[in-house]
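J.: Hey, dropping query32.csv in here, CSV, C-alpha atoms and all ligand atoms:
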chain,number,residue,atom,x,y,z
Z,1,MET,CA,5.1,-27.7,23.4
Z,2,GLN,CA,4.2,-27.0,19.9
Z,3,GLU,CA,1.9,-28.5,17.3
Z,4,VAL,CA,3.0,-28.5,13.7
Z,5,THR,CA,0.0,-28.0,11.5
Z,6,SER,CA,1.4,-27.3,8.0
Z,7,SER,CA,4.7,-27.3,6.2
Z,8,ASN,CA,5.8,-24.0,7.5
Z,9,LEU,CA,3.4,-22.9,10.2
Z,10,VAL,CA,3.6,-23.6,13.8
Z,11,PHE,CA,0.9,-23.0,16.4
Z,12,SER,CA,1.4,-23.3,20.1
Z,13,THR,CA,-0.9,-25.5,22.1
Z,14,GLU,CA,-0.6,-22.9,24.9
Z,15,LEU,CA,-2.2,-20.3,22.6
Z,16,LYS,CA,-5.1,-22.7,22.0
Z,17,ALA,CA,-5.5,-23.1,25.7
Z,18,VAL,CA,-5.5,-19.4,26.3
Z,19,TRP,CA,-8.0,-18.7,23.7
Z,20,GLY,CA,-10.2,-21.7,24.4
Z,21,SER,CA,-13.2,-21.8,22.2
Z,22,LEU,CA,-12.2,-18.7,20.4
Z,23,PHE,CA,-9.5,-20.6,18.6
Z,24,TYR,CA,-10.8,-22.0,15.4
Z,25,SER,CA,-9.4,-25.4,14.6
Z,26,TYR,CA,-6.6,-24.6,12.2
Z,27,LYS,CA,-6.8,-28.0,10.6
Z,28,ASP,CA,-10.4,-27.4,9.8
Z,29,ARG,CA,-9.7,-24.0,8.4
Z,30,MET,CA,-6.9,-25.3,6.3
Z,31,GLU,CA,-9.3,-27.8,4.7
Z,32,MET,CA,-11.5,-24.9,3.7
Z,33,ILE,CA,-8.7,-23.2,1.8
Z,34,PRO,CA,-6.0,-25.1,-0.1
Z,35,GLN,CA,-2.8,-25.2,1.8
Z,36,PRO,CA,0.2,-23.2,0.6
Z,37,ILE,CA,3.1,-25.2,-0.6
Z,38,GLU,CA,6.3,-23.6,0.3
Z,39,ASP,CA,8.1,-24.2,-3.0
Z,40,ARG,CA,5.5,-22.6,-5.2
Z,41,GLN,CA,5.2,-18.9,-5.3
Z,42,TRP,CA,1.9,-17.0,-4.6
Z,43,LEU,CA,0.3,-15.4,-7.6
Z,44,PHE,CA,-1.9,-13.5,-5.2
Z,45,GLY,CA,-0.1,-10.2,-4.5
Z,46,LYS,CA,1.5,-9.9,-7.9
Z,47,THR,CA,0.9,-6.8,-9.9
Z,48,LEU,CA,-0.4,-6.8,-13.5
Z,49,GLY,CA,3.1,-6.1,-14.7
Z,50,GLU,CA,4.5,-9.0,-12.7
Z,51,LEU,CA,1.8,-11.3,-14.1
Z,52,GLN,CA,2.5,-10.1,-17.6
Z,53,ALA,CA,6.2,-11.0,-17.1
Z,54,ILE,CA,5.2,-14.5,-15.9
Z,55,VAL,CA,2.9,-15.2,-18.8
Z,56,ALA,CA,5.4,-13.9,-21.3
Z,57,GLU,CA,8.1,-16.1,-19.9
Z,58,LYS,CA,5.7,-19.1,-20.2
Z,59,GLY,CA,4.9,-18.2,-23.8
Z,60,MET,CA,1.2,-17.4,-23.0
Z,61,PRO,CA,-0.7,-14.6,-24.7
Z,62,ARG,CA,-0.3,-11.2,-23.0
Z,63,PHE,CA,-4.1,-10.9,-22.2
Z,64,THR,CA,-3.8,-14.0,-20.0
Z,65,ALA,CA,-2.3,-11.7,-17.3
Z,66,LYS,CA,-5.5,-9.7,-17.1
Z,67,GLN,CA,-7.5,-12.9,-16.9
Z,68,ILE,CA,-5.4,-14.1,-14.0
Z,69,ALA,CA,-5.7,-10.8,-12.2
Z,70,ALA,CA,-9.4,-10.9,-12.5
Z,71,TRP,CA,-9.6,-14.4,-11.0
Z,72,LEU,CA,-7.3,-13.4,-8.2
Z,73,TYR,CA,-8.7,-10.0,-7.2
Z,74,ARG,CA,-12.2,-9.7,-8.5
Z,75,LYS,CA,-13.5,-13.3,-8.4
Z,76,GLY,CA,-11.5,-14.3,-5.4
Z,77,ILE,CA,-10.8,-17.9,-6.5
Z,78,ASP,CA,-8.5,-20.1,-4.4
Z,79,SER,CA,-7.0,-22.4,-7.0
Z,80,ILE,CA,-5.4,-22.1,-10.4
Z,81,ASP,CA,-7.7,-25.0,-11.5
Z,82,ARG,CA,-10.7,-22.6,-11.2
Z,83,MET,CA,-9.2,-20.2,-13.8
Z,84,THR,CA,-11.6,-21.7,-16.3
Z,85,ASP,CA,-10.9,-19.2,-19.2
Z,86,LEU,CA,-7.3,-20.3,-19.2
Z,87,SER,CA,-6.5,-23.4,-21.3
Z,88,LEU,CA,-6.0,-26.6,-19.3
Z,89,ARG,CA,-2.4,-26.7,-20.6
Z,90,ASN,CA,-1.7,-23.1,-19.4
Z,91,ARG,CA,-3.2,-23.9,-16.0
Z,92,GLU,CA,-0.9,-26.9,-15.7
Z,93,VAL,CA,2.1,-24.9,-16.7
Z,94,LEU,CA,1.3,-22.3,-14.1
Z,95,GLN,CA,0.7,-24.9,-11.4
Z,96,GLN,CA,4.2,-26.3,-11.8
Z,97,GLU,CA,5.7,-23.1,-10.2
Z,98,TYR,CA,2.8,-21.1,-8.8
Z,99,GLN,CA,-0.2,-21.4,-6.5
Z,100,VAL,CA,-2.9,-18.8,-5.8
Z,101,GLY,CA,-1.7,-18.4,-2.2
Z,102,ARG,CA,-3.8,-17.1,0.6
Z,103,LEU,CA,-3.9,-18.1,4.3
Z,104,PRO,CA,-7.0,-18.4,6.6
Z,105,TYR,CA,-6.9,-16.6,9.9
Z,106,ALA,CA,-5.9,-18.6,12.9
Z,107,ALA,CA,-8.1,-17.0,15.5
Z,108,VAL,CA,-10.5,-14.2,16.1
Z,109,GLU,CA,-11.5,-12.3,19.2
Z,110,GLU,CA,-14.6,-10.0,19.3
Z,111,SER,CA,-15.2,-7.0,21.4
Z,112,SER,CA,-18.5,-6.0,23.0
Z,113,ASP,CA,-18.5,-3.0,20.6
Z,114,GLY,CA,-18.3,-5.2,17.5
Z,115,THR,CA,-14.6,-4.7,16.9
Z,116,LYS,CA,-12.8,-7.9,15.9
Z,117,LYS,CA,-9.2,-8.8,16.1
Z,118,TYR,CA,-8.0,-11.4,13.6
Z,119,LEU,CA,-4.7,-13.3,14.2
Z,120,PHE,CA,-3.0,-14.4,11.0
Z,121,PRO,CA,-0.1,-16.8,10.6
Z,122,THR,CA,2.7,-15.5,8.4
Z,123,LEU,CA,4.8,-17.4,5.9
Z,124,GLY,CA,7.7,-16.7,8.2
Z,125,GLY,CA,6.1,-18.7,11.0
Z,126,ARG,CA,5.0,-15.8,13.1
Z,127,TYR,CA,1.7,-14.0,13.8
Z,128,ILE,CA,0.2,-10.7,12.8
Z,129,GLU,CA,-3.0,-8.9,13.7
Z,130,SER,CA,-5.7,-7.2,11.7
Z,131,ALA,CA,-8.5,-5.2,13.4
Z,132,TYR,CA,-12.0,-5.0,11.9
Z,133,ILE,CA,-13.8,-1.9,13.2
Z,134,PRO,CA,-17.5,-1.5,12.2
Z,135,ASP,CA,-19.0,2.0,12.9
Z,136,ALA,CA,-22.5,2.9,11.6
Z,137,ASP,CA,-22.2,2.9,7.8
Z,138,ARG,CA,-18.4,2.5,7.8
Z,139,ALA,CA,-16.4,-0.7,8.3
Z,140,THR,CA,-12.6,-0.2,8.5
Z,141,LEU,CA,-9.9,-2.9,8.4
Z,142,CYS,CA,-6.6,-2.1,10.0
Z,143,VAL,CA,-3.9,-4.2,8.4
Z,144,SER,CA,-0.3,-5.1,9.4
Z,145,SER,CA,2.6,-4.6,7.1
Z,146,GLN,CA,5.5,-6.3,9.0
Z,147,SER,CA,5.9,-9.1,11.5
Z,148,GLY,CA,7.3,-7.2,14.5
Z,149,CYS,CA,8.9,-3.8,13.9
Z,150,LYS,CA,12.4,-2.4,14.2
Z,151,MET,CA,11.5,1.2,15.0
Z,152,GLY,CA,11.5,0.9,18.7
Z,153,CYS,CA,8.8,3.3,19.8
Z,154,LYS,CA,8.6,3.2,23.6
Z,155,PHE,CA,4.9,3.0,23.9
Z,156,CYS,CA,4.4,0.2,21.4
Z,157,MET,CA,3.8,-3.5,22.1
Z,158,THR,CA,4.9,-4.5,18.5
Z,159,ALA,CA,8.2,-2.8,19.1
Z,160,ARG,CA,8.8,-5.2,22.0
Z,161,GLN,CA,8.6,-8.2,19.6
Z,162,GLY,CA,11.6,-6.9,17.7
Z,163,PHE,CA,11.6,-7.2,13.9
Z,164,ALA,CA,10.9,-10.6,12.3
Z,165,HIS,CA,10.2,-10.0,8.7
Z,166,HIS,CA,8.5,-7.9,6.1
Z,167,LEU,CA,5.1,-9.1,4.9
Z,168,THR,CA,4.7,-9.7,1.2
Z,169,SER,CA,2.1,-7.8,-0.8
Z,170,GLY,CA,0.1,-11.1,-0.9
Z,171,GLU,CA,0.2,-11.4,2.9
Z,172,ILE,CA,-0.9,-7.8,3.3
Z,173,LEU,CA,-3.8,-8.2,0.9
Z,174,ASN,CA,-4.7,-11.6,2.3
Z,175,GLN,CA,-5.8,-9.8,5.5
Z,176,VAL,CA,-8.4,-8.0,3.4
Z,177,CYS,CA,-9.7,-11.1,1.6
Z,178,ALA,CA,-9.6,-13.7,4.4
Z,179,ILE,CA,-12.1,-12.1,6.8
Z,180,PRO,CA,-15.8,-12.9,6.6
Z,181,GLU,CA,-16.6,-9.1,6.5
Z,182,LYS,CA,-14.6,-8.5,3.4
Z,183,GLU,CA,-17.6,-7.4,1.3
Z,184,ARG,CA,-18.7,-4.9,4.0
Z,185,LEU,CA,-15.4,-3.0,4.1
Z,186,THR,CA,-15.5,0.6,3.3
Z,187,ASN,CA,-12.1,1.8,4.5
Z,188,LEU,CA,-8.6,0.4,4.9
Z,189,VAL,CA,-5.9,1.7,7.1
Z,190,TYR,CA,-2.3,0.6,7.2
Z,191,MET,CA,-1.9,1.2,10.9
Z,192,GLY,CA,-1.4,-2.3,12.2
Z,193,MET,CA,1.9,-4.0,13.2
Z,194,GLY,CA,5.0,-2.6,11.6
Z,195,GLU,CA,6.1,0.6,9.9
Z,196,PRO,CA,4.6,0.4,6.4
Z,197,LEU,CA,7.2,2.6,4.8
Z,198,ASP,CA,10.0,0.4,6.2
Z,199,ASN,CA,8.5,-2.2,3.8
Z,200,VAL,CA,7.8,0.3,1.1
Z,201,ASP,CA,8.2,-2.0,-2.0
Z,202,GLN,CA,5.6,-4.5,-0.8
Z,203,VAL,CA,3.3,-1.9,0.6
Z,204,LEU,CA,3.3,0.1,-2.7
Z,205,ARG,CA,2.7,-3.1,-4.6
Z,206,SER,CA,-0.3,-3.9,-2.4
Z,207,LEU,CA,-1.7,-0.3,-2.9
Z,208,ASN,CA,-1.2,-0.6,-6.6
Z,209,ILE,CA,-3.3,-3.9,-6.6
Z,210,LEU,CA,-5.9,-2.4,-4.3
Z,211,THR,CA,-6.4,0.8,-6.4
Z,212,SER,CA,-6.1,-0.4,-10.0
Z,213,ASP,CA,-9.0,-1.3,-12.3
Z,214,TRP,CA,-7.4,-4.7,-13.0
Z,215,GLY,CA,-7.1,-5.2,-9.2
Z,216,PHE,CA,-9.6,-4.5,-6.4
Z,217,GLY,CA,-10.6,-1.2,-7.9
Z,218,TRP,CA,-10.7,0.7,-4.6
Z,219,SER,CA,-10.7,4.4,-4.5
Z,220,PRO,CA,-7.4,5.7,-2.9
Z,221,THR,CA,-9.5,8.0,-0.8
Z,222,ARG,CA,-10.8,5.0,1.1
Z,223,ILE,CA,-7.3,4.1,2.2
Z,224,THR,CA,-5.0,5.7,4.8
Z,225,LEU,CA,-1.4,4.8,5.4
Z,226,SER,CA,0.2,5.6,8.7
Z,227,THR,CA,4.0,6.3,9.1
Z,228,ILE,CA,6.3,7.6,11.8
Z,229,GLY,CA,8.0,9.6,9.0
Z,230,VAL,CA,10.6,7.6,7.0
Z,231,ILE,CA,11.3,10.5,4.7
Z,232,PRO,CA,12.7,8.8,1.5
Z,233,ALA,CA,10.0,6.2,1.4
Z,234,MET,CA,7.4,8.8,2.3
Z,235,ARG,CA,8.3,10.8,-0.8
Z,236,ARG,CA,7.9,7.6,-2.9
Z,237,PHE,CA,4.5,7.0,-1.3
Z,238,LEU,CA,3.4,10.6,-1.9
Z,239,ASP,CA,4.7,10.5,-5.5
Z,240,GLU,CA,3.4,7.1,-6.5
Z,241,THR,CA,0.0,7.0,-4.8
Z,242,LYS,CA,-3.0,9.2,-4.0
Z,243,VAL,CA,-3.7,7.4,-0.7
Z,244,HIS,CA,-4.3,9.5,2.5
Z,245,LEU,CA,-1.4,9.9,4.9
Z,246,ALA,CA,-1.4,9.8,8.7
Z,247,VAL,CA,1.9,10.7,10.5
Z,248,SER,CA,2.5,9.5,14.0
Z,249,LEU,CA,3.6,12.7,15.7
Z,250,HIS,CA,3.1,12.2,19.5
Z,251,ASN,CA,5.3,15.1,20.5
Z,252,PRO,CA,6.2,18.3,18.6
Z,253,ILE,CA,9.3,19.0,20.7
Z,254,GLY,CA,12.2,17.2,19.0
Z,255,SER,CA,14.3,16.4,22.1
Z,256,GLU,CA,11.3,14.9,23.8
Z,257,ARG,CA,10.1,13.0,20.8
Z,258,ALA,CA,13.5,11.4,20.3
Z,259,LEU,CA,13.3,9.9,23.8
Z,260,MET,CA,10.1,8.2,22.8
Z,261,MET,CA,10.5,7.5,19.1
Z,262,PRO,CA,14.1,6.8,18.0
Z,263,VAL,CA,13.2,7.6,14.4
Z,264,GLN,CA,13.4,11.3,15.4
Z,265,ASN,CA,17.2,11.0,15.5
Z,266,ARG,CA,17.2,10.0,11.8
Z,267,TYR,CA,14.2,11.8,10.4
Z,268,PRO,CA,13.3,14.7,12.6
Z,269,ILE,CA,9.6,15.6,12.7
Z,270,GLU,CA,10.5,19.1,11.6
Z,271,GLU,CA,11.9,17.7,8.3
Z,272,VAL,CA,9.0,15.4,7.9
Z,273,VAL,CA,6.6,18.3,8.1
Z,274,SER,CA,8.8,20.4,5.8
Z,275,VAL,CA,8.6,17.6,3.1
Z,276,LEU,CA,4.8,17.5,3.5
Z,277,LYS,CA,4.6,21.2,2.9
Z,278,GLU,CA,5.9,20.5,-0.7
Z,279,TYR,CA,2.8,18.5,-1.5
Z,280,ASP,CA,-0.7,19.6,-2.2
Z,281,PHE,CA,-3.3,18.5,0.4
Z,282,SER,CA,-6.0,21.0,-0.6
Z,283,GLY,CA,-7.8,18.5,-2.8
Z,284,GLN,CA,-9.1,15.0,-2.1
Z,285,ARG,CA,-5.9,13.8,-0.5
Z,286,ARG,CA,-5.6,14.4,3.2
Z,287,VAL,CA,-2.7,14.4,5.7
Z,288,SER,CA,-3.4,14.0,9.4
Z,289,PHE,CA,-1.3,13.6,12.5
Z,290,GLU,CA,-1.8,10.9,15.1
Z,291,TYR,CA,-1.2,12.1,18.7
Z,292,ILE,CA,-1.4,9.7,21.7
Z,293,VAL,CA,-1.9,11.9,24.7
Z,294,PHE,CA,0.3,10.8,27.6
Z,295,ARG,CA,-0.2,12.3,31.1
Z,296,GLY,CA,2.6,14.7,32.0
Z,297,TYR,CA,4.6,14.0,28.8
Z,298,ASN,CA,3.0,15.7,25.8
Z,299,ASP,CA,-0.1,17.4,27.0
Z,300,SER,CA,1.0,20.8,28.3
Z,301,PRO,CA,0.3,24.3,26.9
Z,302,ALA,CA,3.9,24.3,25.6
Z,303,HIS,CA,3.1,21.3,23.5
Z,304,VAL,CA,0.0,23.0,22.1
Z,305,HIS,CA,2.2,26.0,21.2
Z,306,ALA,CA,4.8,23.8,19.6
Z,307,LEU,CA,2.2,22.0,17.6
Z,308,SER,CA,0.7,25.2,16.2
Z,309,ARG,CA,4.2,26.4,15.2
Z,310,LEU,CA,5.2,23.1,13.6
Z,311,LEU,CA,2.0,22.7,11.6
Z,312,ALA,CA,1.5,26.3,10.6
Z,313,GLY,CA,0.8,26.6,6.8
Z,314,LEU,CA,0.0,22.9,6.3
Z,315,LYS,CA,-3.7,21.9,5.7
Z,316,CYS,CA,-4.1,19.0,8.1
Z,317,ARG,CA,-5.8,17.7,11.1
Z,318,ILE,CA,-4.8,16.1,14.4
Z,319,ASN,CA,-6.4,13.0,15.7
Z,320,LEU,CA,-6.0,12.6,19.5
Z,321,ILE,CA,-5.8,9.0,20.6
Z,322,ARG,CA,-6.2,7.4,24.0
Z,323,PHE,CA,-3.4,5.3,25.1
Z,324,HIS,CA,-4.2,1.6,25.1
Z,325,ALA,CA,-2.3,0.3,28.1
Z,326,ILE,CA,0.3,-2.3,27.5
Z,327,PRO,CA,2.0,-4.5,30.1
Z,328,ASP,CA,4.6,-2.7,32.2
Z,329,ALA,CA,4.2,0.5,30.2
Z,330,PRO,CA,6.1,3.3,31.8
Z,331,MET,CA,3.5,5.9,30.8
Z,332,GLU,CA,-0.2,6.4,31.2
Z,333,GLY,CA,-3.0,8.0,29.3
Z,334,VAL,CA,-5.1,11.0,30.3
Z,335,ASP,CA,-8.7,11.1,31.4
Z,336,ASP,CA,-11.5,12.2,29.2
Z,337,ALA,CA,-11.6,15.8,30.6
Z,338,ALA,CA,-7.9,16.3,29.9
Z,339,MET,CA,-8.4,15.0,26.3
Z,340,VAL,CA,-11.2,17.5,25.8
Z,341,ARG,CA,-9.1,20.3,27.2
Z,342,PHE,CA,-6.1,19.5,25.0
Z,343,ARG,CA,-8.4,19.2,21.9
Z,344,ASP,CA,-10.0,22.5,22.6
Z,345,ALA,CA,-6.7,24.3,23.1
Z,346,LEU,CA,-5.5,23.0,19.7
Z,347,ASN,CA,-8.8,24.0,18.1
Z,348,ARG,CA,-8.4,27.5,19.5
Z,349,LYS,CA,-5.0,27.6,17.8
Z,350,GLY,CA,-6.7,26.9,14.5
Z,351,ILE,CA,-5.7,23.3,14.2
Z,352,VAL,CA,-8.7,21.0,13.4
Z,353,THR,CA,-8.4,18.4,16.1
Z,354,THR,CA,-10.6,15.5,17.0
Z,355,ILE,CA,-10.6,12.8,19.6
Z,356,ARG,CA,-10.6,9.3,18.1
Z,357,ALA,CA,-13.1,7.0,19.7
Z,358,SER,CA,-11.5,4.0,21.5
Z,359,ARG,CA,-12.5,0.7,20.1
Z,360,GLY,CA,-12.0,-2.9,21.2
Z,361,GLU,CA,-10.7,-2.0,24.7
Z,362,ASP,CA,-11.8,-5.5,26.0
Z,363,ILE,CA,-9.9,-7.4,23.4
Z,364,ARG,CA,-6.4,-6.2,23.9
Z,365,ALA,CA,-6.8,-3.2,21.5
Z,366,ALA,CA,-3.1,-2.1,21.6
Z,367,CYS,CA,-1.6,-3.3,18.4
Z,368,GLY,CA,0.8,-6.2,19.0
Z,369,LEU,CA,-0.7,-7.6,22.2
Z,370,LEU,CA,-2.5,-10.4,20.6
Z,371,SER,CA,0.3,-11.6,18.4
Z,372,THR,CA,2.8,-11.3,21.2
Z,373,LEU,CA,0.5,-13.7,23.1
Z,374,GLY,CA,0.5,-15.9,20.1
Z,375,LYS,CA,4.2,-15.8,19.6
Z,376,ASN,CA,5.1,-18.2,22.4
Z,377,GLY,CA,1.7,-18.9,23.9
Z,378,LYS,CA,2.3,-16.4,26.6
Z,379,THR,CA,3.1,-12.7,26.8
Z,380,ILE,CA,6.8,-11.8,26.5
Z,381,ASN,CA,8.4,-10.4,29.6
Z,382,ILE,CA,9.8,-6.9,29.0
Z,383,SER,CA,11.8,-4.9,31.5
Z,384,ARG,CA,10.2,-1.6,32.5
Z,385,ASP,CA,12.1,1.2,30.8
Z,386,THR,CA,11.2,4.6,32.3
Z,387,THR,CA,14.3,6.4,31.2
Z,388,PHE,CA,12.6,8.5,28.5
Z,389,LEU,CA,9.8,9.7,30.8
Z,390,GLU,CA,12.2,10.7,33.5
Z,391,LYS,CA,14.3,12.6,31.1
Z,392,SER,CA,11.4,14.4,29.5
Z,393,ARG,CA,9.8,15.6,32.8
Z,401,LIG,S1,4.4,2.5,16.8
Z,401,LIG,FE1,4.5,1.7,14.7
Z,401,LIG,S2,6.6,2.3,14.0
Z,401,LIG,FE2,6.6,2.5,16.2
Z,401,LIG,S3,7.4,0.5,16.9
Z,401,LIG,FE3,5.2,0.4,16.9
Z,401,LIG,S4,4.7,-0.6,14.9
Z,401,LIG,FE4,6.8,0.2,14.8
Produce structure tokens that represent the structure in this file.

T.:
Amino acid sequence: MQEVTSSNLVFSTELKAVWGSLFYSYKDRMEMIPQPIEDRQWLFGKTLGELQAIVAEKGMPRFTAKQIAAWLYRKGIDSIDRMTDLSLRNREVLQQEYQVGRLPYAAVEESSDGTKKYLFPTLGGRYIESAYIPDADRATLCVSSQSGCKMGCKFCMTARQGFAHHLTSGEILNQVCAIPEKERLTNLVYMGMGEPLDNVDQVLRSLNILTSDWGFGWSPTRITLSTIGVIPAMRRFLDETKVHLAVSLHNPIGSERALMMPVQNRYPIEEVVSVLKEYDFSGQRRVSFEYIVFRGYNDSPAHVHALSRLLAGLKCRINLIRFHAIPDAPMEGVDDAAMVRFRDALNRKGIVTTIRASRGEDIRAACGLLSTLGKNGKTINISRDTTFLEKSR
């Protein structure tokens, strides 16, 4: 049974029941922020160039685009009515086709360690997640770039949802602006649901808005984008931004990685690293490799050796990550002692390696769990596929 709460957004009553008091009344929240109207485009998420094209087409002065950008990204207004340095006539003209946009989050869950997971509706009628992670003097937001994902990584809950749709740049940036902690944010990571470089146009647009003077004015060194290595889009990202890059590696042995990450068949990790070696990471920009350590799969001395050969000559670091269990997962993580042994072995090979602290374990920390719950009001039932583990052992 479902409850229709706006023109294009549907929320399940089962989800409300599951979340109980954690579920904020969506109707209440929609009264706080003007509702999107489907047939009017969002201005929020448009670049200065796109705003300039709009005002030119409407016969408005060119400088109006910068005024609109300031209202959208600096002043955070939620209605064209509030763009008070635009003439009344120009505001009326804009409102005929456009709205500011923005969506409130639908629910939030807080961990005992302060991590919060926000659930956002999408314009396509699905759910995405964002994770707010406070840590001493840092506060990081992990944003999603797609609803679902088509990359099919075997260890990933989002993969099990399948691909629904790309998020627009406005929907990506909305995650940053719609949380109460937005003023406290120091860092942003594109590591949530989806493969950001599979949605490269919208992701680059969002990064442009985040890092431009006329936009949010963030330093690119405060932002990290994570990819599994979609090479053509990765080149565009490296050429067009100065944002840090994190590559999901998880296994340096190509034949084993392919069993776990189908992208290996299209863009082998050896070629990804070879492309990275063409770029300069000796200055402010950093490249790192994400490595979830799975027991008996990618944690042997042979993997340490293969990693040191693969990454030789590239200034980088490896972040070891504990596996957040997902339902019916065919693999398991390692204990703390094994993590430390693996880290030390890599450090002895001269690769700077750290263990990332696990956060939000008690609030379904694995990306995709929460939104899968929200998709139908219950977790989806996935058959247990252990083929790749059996082949790799
Ligand atoms: S790990 Fe990332 S790229 Fe792979 S399926 Fe999950 S969301 Fe997609």

J.: Compile the contact shell of Z:Tyr73 as a PDB file with C-alpha atoms, in the frame of the given file: residues with an atom at most 7 Å away, counting all atoms listed in the file, same-chain residues fewer than 4 positions apart removed.

T.:
ATOM      1  CA  ALA Z  69      -5.700 -10.800 -12.200  1.00  0.00           C
ATOM      2  CA  GLY Z 215      -7.100  -5.200  -9.200  1.00  0.00           C
ATOM      3  CA  PHE Z 216      -9.600  -4.500  -6.400  1.00  0.00           C
TER       4      PHE Z 216
END

J.: Please write out the residues within 8 Å of ligand LIG 401 (chain Z) as a PyMOL selection string, counting only C-alpha atoms and all ligand atoms.

T.: chain Z and resi 148-160+191-195+227-228+248+261+367-368

J.: Which distance in Å separates atom CA of Z:Thr186 and atom CA of Z:Leu141, to one decimal?

T.: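 The value is 8.3 Å.
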
J.: Within 8 Å of stretch 279-296 of chain Z, counting all atoms listed in the file, which residues qualify if same-chain residues fewer than 3 places away don't, as a PyMOL selection string?

T.: chain Z and resi 221+238+242-251+275-276+299-300+315-323+331-334+339+393

J.: Export C-alpha atoms of the chosen residues as a PDB file, in the coordinates of the input?

T.:
ATOM      1  CA  THR Z 221      -9.500   8.000  -0.800  1.00  0.00           C
ATOM      2  CA  LEU Z 238       3.400  10.600  -1.900  1.00  0.00           C
ATOM      3  CA  LYS Z 242      -3.000   9.200  -4.000  1.00  0.00           C
ATOM      4  CA  VAL Z 243      -3.700   7.400  -0.700  1.00  0.00           C
ATOM      5  CA  HIS Z 244      -4.300   9.500   2.500  1.00  0.00           C
ATOM      6  CA  LEU Z 245      -1.400   9.900   4.900  1.00  0.00           C
ATOM      7  CA  ALA Z 246      -1.400   9.800   8.700  1.00  0.00           C
ATOM      8  CA  VAL Z 247       1.900  10.700  10.500  1.00  0.00           C
ATOM      9  CA  SER Z 248       2.500   9.500  14.000  1.00  0.00           C
ATOM     10  CA  LEU Z 249       3.600  12.700  15.700  1.00  0.00           C
ATOM     11  CA  HIS Z 250       3.100  12.200  19.500  1.00  0.00           C
ATOM     12  CA  ASN Z 251       5.300  15.100  20.500  1.00  0.00           C
ATOM     13  CA  VAL Z 275       8.600  17.600   3.100  1.00  0.00           C
ATOM     14  CA  LEU Z 276       4.800  17.500   3.500  1.00  0.00           C
ATOM     15  CA  ASP Z 299      -0.100  17.400  27.000  1.00  0.00           C
ATOM     16  CA  SER Z 300       1.000  20.800  28.300  1.00  0.00           C
ATOM     17  CA  LYS Z 315      -3.700  21.900   5.700  1.00  0.00           C
ATOM     18  CA  CYS Z 316      -4.100  19.000   8.100  1.00  0.00           C
ATOM     19  CA  ARG Z 317      -5.800  17.700  11.100  1.00  0.00           C
ATOM     20  CA  ILE Z 318      -4.800  16.100  14.400  1.00  0.00           C
ATOM     21  CA  ASN Z 319      -6.400  13.000  15.700  1.00  0.00           C
ATOM     22  CA  LEU Z 320      -6.000  12.600  19.500  1.00  0.00           C
ATOM     23  CA  ILE Z 321      -5.800   9.000  20.600  1.00  0.00           C
ATOM     24  CA  ARG Z 322      -6.200   7.400  24.000  1.00  0.00           C
ATOM     25  CA  PHE Z 323      -3.400   5.300  25.100  1.00  0.00           C
ATOM     26  CA  MET Z 331       3.500   5.900  30.800  1.00  0.00           C
ATOM     27  CA  GLU Z 332      -0.200   6.400  31.200  1.00  0.00           C
ATOM     28  CA  GLY Z 333      -3.000   8.000  29.300  1.00  0.00           C
ATOM     29  CA  VAL Z 334      -5.100  11.000  30.300  1.00  0.00           C
ATOM     30  CA  MET Z 339      -8.400  15.000  26.300  1.00  0.00           C
ATOM     31  CA  ARG Z 393       9.800  15.600  32.800  1.00  0.00           C
TER      32      ARG Z 393
END

J.: Using only C-alpha atoms and a cutoff of 12 Å, can you tell me which residues are near (4.0, 25.0, 16.1) in the file's coordinates, and write them out as a list in words?

T.: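 Taken together, the residues in range are Asn251, Pro252, Ile253, Gly254, Ile269, Glu270, Val273, Pro301, Ala302, His303, Val304, His305, Ala306, Leu307, Ser308, Arg309, Leu310, Leu311, Ala312, Gly313, Leu314, Leu346, Lys349, Gly350 and Ile351 of chain Z.
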
J.: At what distance in Å, to one decimal, does atom CA of Z:Arg91 lie from atom CA of Z:Thr211?

T.: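 Atom CA of Z:Arg91 lies at a distance of 26.7 Å from atom CA of Z:Thr211.
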
J.: Taking N, CA and C atoms as the atom set, what does stretch 155-161 of chain Z look like once completed, written as a CSV table (one decimal), keeping the file's coordinate frame?

T.:
chain,number,residue,atom,x,y,z
Z,155,PHE,N,6.2,3.2,23.4
Z,155,PHE,CA,4.9,3.0,23.9
Z,155,PHE,C,4.2,1.8,23.2
Z,156,CYS,N,5.0,1.1,22.4
Z,156,CYS,CA,4.4,0.2,21.4
Z,156,CYS,C,4.7,-1.3,21.7
Z,157,MET,N,3.6,-2.1,21.8
Z,157,MET,CA,3.8,-3.5,22.1
Z,157,MET,C,4.5,-4.2,20.9
Z,158,THR,N,4.2,-3.8,19.7
Z,158,THR,CA,4.9,-4.5,18.5
Z,158,THR,C,6.4,-4.3,18.6
Z,159,ALA,N,6.8,-3.1,19.0
Z,159,ALA,CA,8.2,-2.8,19.1
Z,159,ALA,C,8.9,-3.8,20.0
Z,160,ARG,N,8.2,-4.3,21.0
Z,160,ARG,CA,8.8,-5.2,22.0
Z,160,ARG,C,9.1,-6.6,21.4
Z,161,GLN,N,8.4,-6.9,20.3
Z,161,GLN,CA,8.6,-8.2,19.6
Z,161,GLN,C,9.9,-8.2,18.9
